[in-house]
Amino acid sequence: MRVVIAEDNALLREGLVLLLTSAGHEVVAVAGSGPEIMPALLHHRPDAAVLDVRMPPCFRDEGLRAALDARQQIPGLPVLVLSQYVEESYAAELLADGASGVGYLLKDRVGRVDEFLEALERVASGGTALDPEVVTELLTRRRDSPLDSLTPREREVLKLMAEGHANATIASTLVITERSVSKHIGNVFLKLHLPPSDSGHRRVLAVLAYLNDPYRKGT
């Protein structure tokens, strides 16, 4: 996999380069500031980009803005955004651009090498990878919506779905059968007024699109 990395912290940037190259990936470019990101992405057109949300010169949302712009100019570019803290507005804006091939992880997750690499590969293949803490924020801050009608178990299943996990992983995590997982998923889609479907990651993208829409009202 060819990857572009944008991270202003030199130590973390070099750590990401070492981590990815050790895993067999090719880091084709690194960026240490916001203005460097787009030229690197447009020139190399990588298989995936790993971008810090806050970059010089202003340390606001330069990385996020670059991610959104890049997905406009390079449709379908897989982007994994890293953040120091859970910032719901950033996650929502990224997901609003289209949930396919996007990820939002806290930087602490990078230290869990296997989880980080799995998340990047999932994003690169068109899936989603949301940090569990980010998913929790998205779920708990939605009020007066059909989410309120979900049972505790259905919310657990939805949370794991939103993180990008497959049915088998959800079943193993919750210590239930895959048949039970499928049943809970069906109930979730019905209660959220989404078409019941168990086919691939599109079910996850539909749920994320629903969670991300602040204007959608429950019926």
# chains A, B, ... in the order shown; residues from 1 in each chain; ligands from 1

call {"tool": "select_by_dssp", "arguments": {"residues": "segment 35-196 of chain A", "states": "strand (DSSP E or B)", "output": "list in words"}}
result
Ala48, Ala49, Val50, Leu51, Asp52, Val79, Leu80, Val81, Leu82, Ser83, Val102, Gly103, Tyr104, Leu105, Leu106, Thr128, Ala129 and Leu130 of chain A

call {"tool": "write_last_selection", "arguments": {"atoms": "C-alpha atoms", "output": "PDB file, in the first residue's frame"}}
result
ATOM      1  CA  ALA A  48      -4.375   5.907   1.518  1.00  0.00           C
ATOM      2  CA  ALA A  49      -3.566   9.032   3.501  1.00  0.00           C
ATOM      3  CA  VAL A  50      -2.938   9.288   7.240  1.00  0.00           C
ATOM      4  CA  LEU A  51      -3.557  12.874   8.345  1.00  0.00           C
ATOM      5  CA  ASP A  52      -3.365  14.700  11.665  1.00  0.00           C
ATOM      6  CA  VAL A  79      -8.335   8.851   4.459  1.00  0.00           C
ATOM      7  CA  LEU A  80      -7.508   7.961   8.040  1.00  0.00           C
ATOM      8  CA  VAL A  81      -7.611  11.050  10.279  1.00  0.00           C
ATOM      9  CA  LEU A  82      -5.783  11.148  13.615  1.00  0.00           C
ATOM     10  CA  SER A  83      -6.768  13.406  16.500  1.00  0.00           C
ATOM     11  CA  VAL A 102     -12.756   7.010   5.950  1.00  0.00           C
ATOM     12  CA  GLY A 103     -11.428   6.591   9.457  1.00  0.00           C
ATOM     13  CA  TYR A 104     -11.140   8.735  12.562  1.00  0.00           C
ATOM     14  CA  LEU A 105      -8.846   7.489  15.324  1.00  0.00           C
ATOM     15  CA  LEU A 106      -7.393   8.959  18.466  1.00  0.00           C
ATOM     16  CA  THR A 128     -14.699   2.525   7.899  1.00  0.00           C
ATOM     17  CA  ALA A 129     -12.673   2.731  11.084  1.00  0.00           C
ATOM     18  CA  LEU A 130     -13.951   4.861  13.921  1.00  0.00           C
TER      19      LEU A 130
END

call {"tool": "residues_around", "arguments": {"residues": "segment 61-71 of chain A", "least_positions_apart": "5", "cutoff": "9 Å", "atoms": "only C-alpha atoms", "output": "PyMOL selection string"}}
result
chain A and resi 6-7+33-35+37-38+41-42+49+51-56+76-82+90+93-94+97

call {"tool": "atom_distance", "arguments": {"atom1": "atom CA of Ala29 of chain A", "atom2": "atom CA of Asp47 of chain A"}}
result
12.0 Å

call {"tool": "closest_residue", "arguments": {"among": "A:Gly111, A:Pro57, A:Pro39, A:Gly126", "to": "Gln73 of chain A", "atoms": "only C-alpha atoms"}}
result
A:Pro39

call {"tool": "atom_distance", "arguments": {"atom1": "atom CA of Ser182 of chain A", "atom2": "atom CA of Asp148 of chain A"}}
result
20.1 Å

call {"tool": "closest_residue", "arguments": {"among": "A:Val28, A:Val113, A:Val157, A:Leu190", "to": "Glu178 of chain A", "atoms": "only C-alpha atoms"}}
result
A:Val157

call {"tool": "atom_distance", "arguments": {"atom1": "atom CA of Arg153 of chain A", "atom2": "atom CA of Ala168 of chain A"}}
result
15.8 Å

call {"tool": "residues_around", "arguments": {"residues": "segment 23-26 of chain A", "least_positions_apart": "2", "cutoff": "8 Å", "atoms": "only C-alpha atoms", "output": "ChimeraX atom specification"}}
result
/A:1-3,19-21,28

call {"tool": "closest_residue", "arguments": {"among": "A:Lys107, A:Gly101, A:Lys183, A:Leu160", "to": "Gly15 of chain A", "atoms": "only C-alpha atoms"}}
result
A:Lys107

call {"tool": "closest_residue", "arguments": {"among": "A:Cys58, A:Leu11, A:Ala124, A:Ile170", "to": "Glu154 of chain A", "atoms": "only C-alpha atoms"}}
result
A:Ile170

call {"tool": "closest_residue", "arguments": {"among": "A:Glu156, A:Asp114, A:Glu163, A:Asp108", "to": "Ile176 of chain A", "atoms": "only C-alpha atoms"}}
result
A:Glu156

call {"tool": "select_by_dssp", "arguments": {"residues": "segment 12-53 of chain A", "states": "helix (DSSP H, G or I)", "output": "number ranges by chain"}}
result
A: 12-22, 34-44

call {"tool": "decode", "arguments": {"residues": "segment 49-112 of chain A", "atoms": "C-alpha atoms", "output": "compact mmCIF listing (two decimals), in the first residue's frame"}}
result
# COMPACT_ATOMS: atom_id res chain seq x y z
CA ALA A 49 -3.57 9.03 3.50
CA VAL A 50 -2.94 9.29 7.24
CA LEU A 51 -3.56 12.87 8.34
CA ASP A 52 -3.37 14.70 11.66
CA VAL A 53 -6.41 16.95 12.21
CA ARG A 54 -4.48 19.95 13.55
CA MET A 55 -1.42 21.03 11.57
CA PRO A 56 0.74 24.15 11.26
CA PRO A 57 0.49 27.01 10.62
CA CYS A 58 -2.67 27.59 12.68
CA PHE A 59 -3.15 24.24 14.44
CA ARG A 60 -6.90 24.31 13.88
CA ASP A 61 -8.26 21.87 11.31
CA GLU A 62 -5.73 22.03 8.47
CA GLY A 63 -5.48 18.24 8.21
CA LEU A 64 -9.24 17.78 8.15
CA ARG A 65 -9.68 20.49 5.52
CA ALA A 66 -7.01 18.79 3.41
CA ALA A 67 -8.77 15.44 3.81
CA LEU A 68 -12.07 16.88 2.63
CA ASP A 69 -10.46 18.76 -0.28
CA ALA A 70 -8.46 15.71 -1.31
CA ARG A 71 -11.57 13.53 -1.46
CA GLN A 72 -13.13 16.13 -3.75
CA GLN A 73 -10.15 16.22 -6.10
CA ILE A 74 -9.28 12.52 -5.81
CA PRO A 75 -12.70 10.85 -5.50
CA GLY A 76 -12.67 7.83 -3.23
CA LEU A 77 -9.26 8.58 -1.70
CA PRO A 78 -9.13 6.54 1.55
CA VAL A 79 -8.33 8.85 4.46
CA LEU A 80 -7.51 7.96 8.04
CA VAL A 81 -7.61 11.05 10.28
CA LEU A 82 -5.78 11.15 13.62
CA SER A 83 -6.77 13.41 16.50
CA GLN A 84 -5.46 14.01 20.00
CA TYR A 85 -8.97 14.27 21.45
CA VAL A 86 -12.51 13.25 20.61
CA GLU A 87 -13.84 16.14 18.54
CA GLU A 88 -17.33 15.21 17.41
CA SER A 89 -17.69 18.07 14.94
CA TYR A 90 -14.58 16.95 13.07
CA ALA A 91 -15.74 13.34 12.94
CA ALA A 92 -19.19 14.42 11.77
CA GLU A 93 -17.78 16.63 9.02
CA LEU A 94 -15.53 13.88 7.74
CA LEU A 95 -18.38 11.38 7.70
CA ALA A 96 -20.69 13.86 6.00
CA ASP A 97 -18.31 13.76 3.03
CA GLY A 98 -19.27 10.11 2.56
CA ALA A 99 -18.47 7.31 4.95
CA SER A 100 -16.80 5.01 2.44
CA GLY A 101 -13.05 4.73 2.94
CA VAL A 102 -12.76 7.01 5.95
CA GLY A 103 -11.43 6.59 9.46
CA TYR A 104 -11.14 8.74 12.56
CA LEU A 105 -8.85 7.49 15.32
CA LEU A 106 -7.39 8.96 18.47
CA LYS A 107 -3.61 9.13 18.39
CA ASP A 108 -3.40 6.78 21.35
CA ARG A 109 -4.68 4.06 19.04
CA VAL A 110 -1.45 4.25 17.00
CA GLY A 111 0.39 2.64 19.91
CA ARG A 112 -1.80 -0.42 19.52
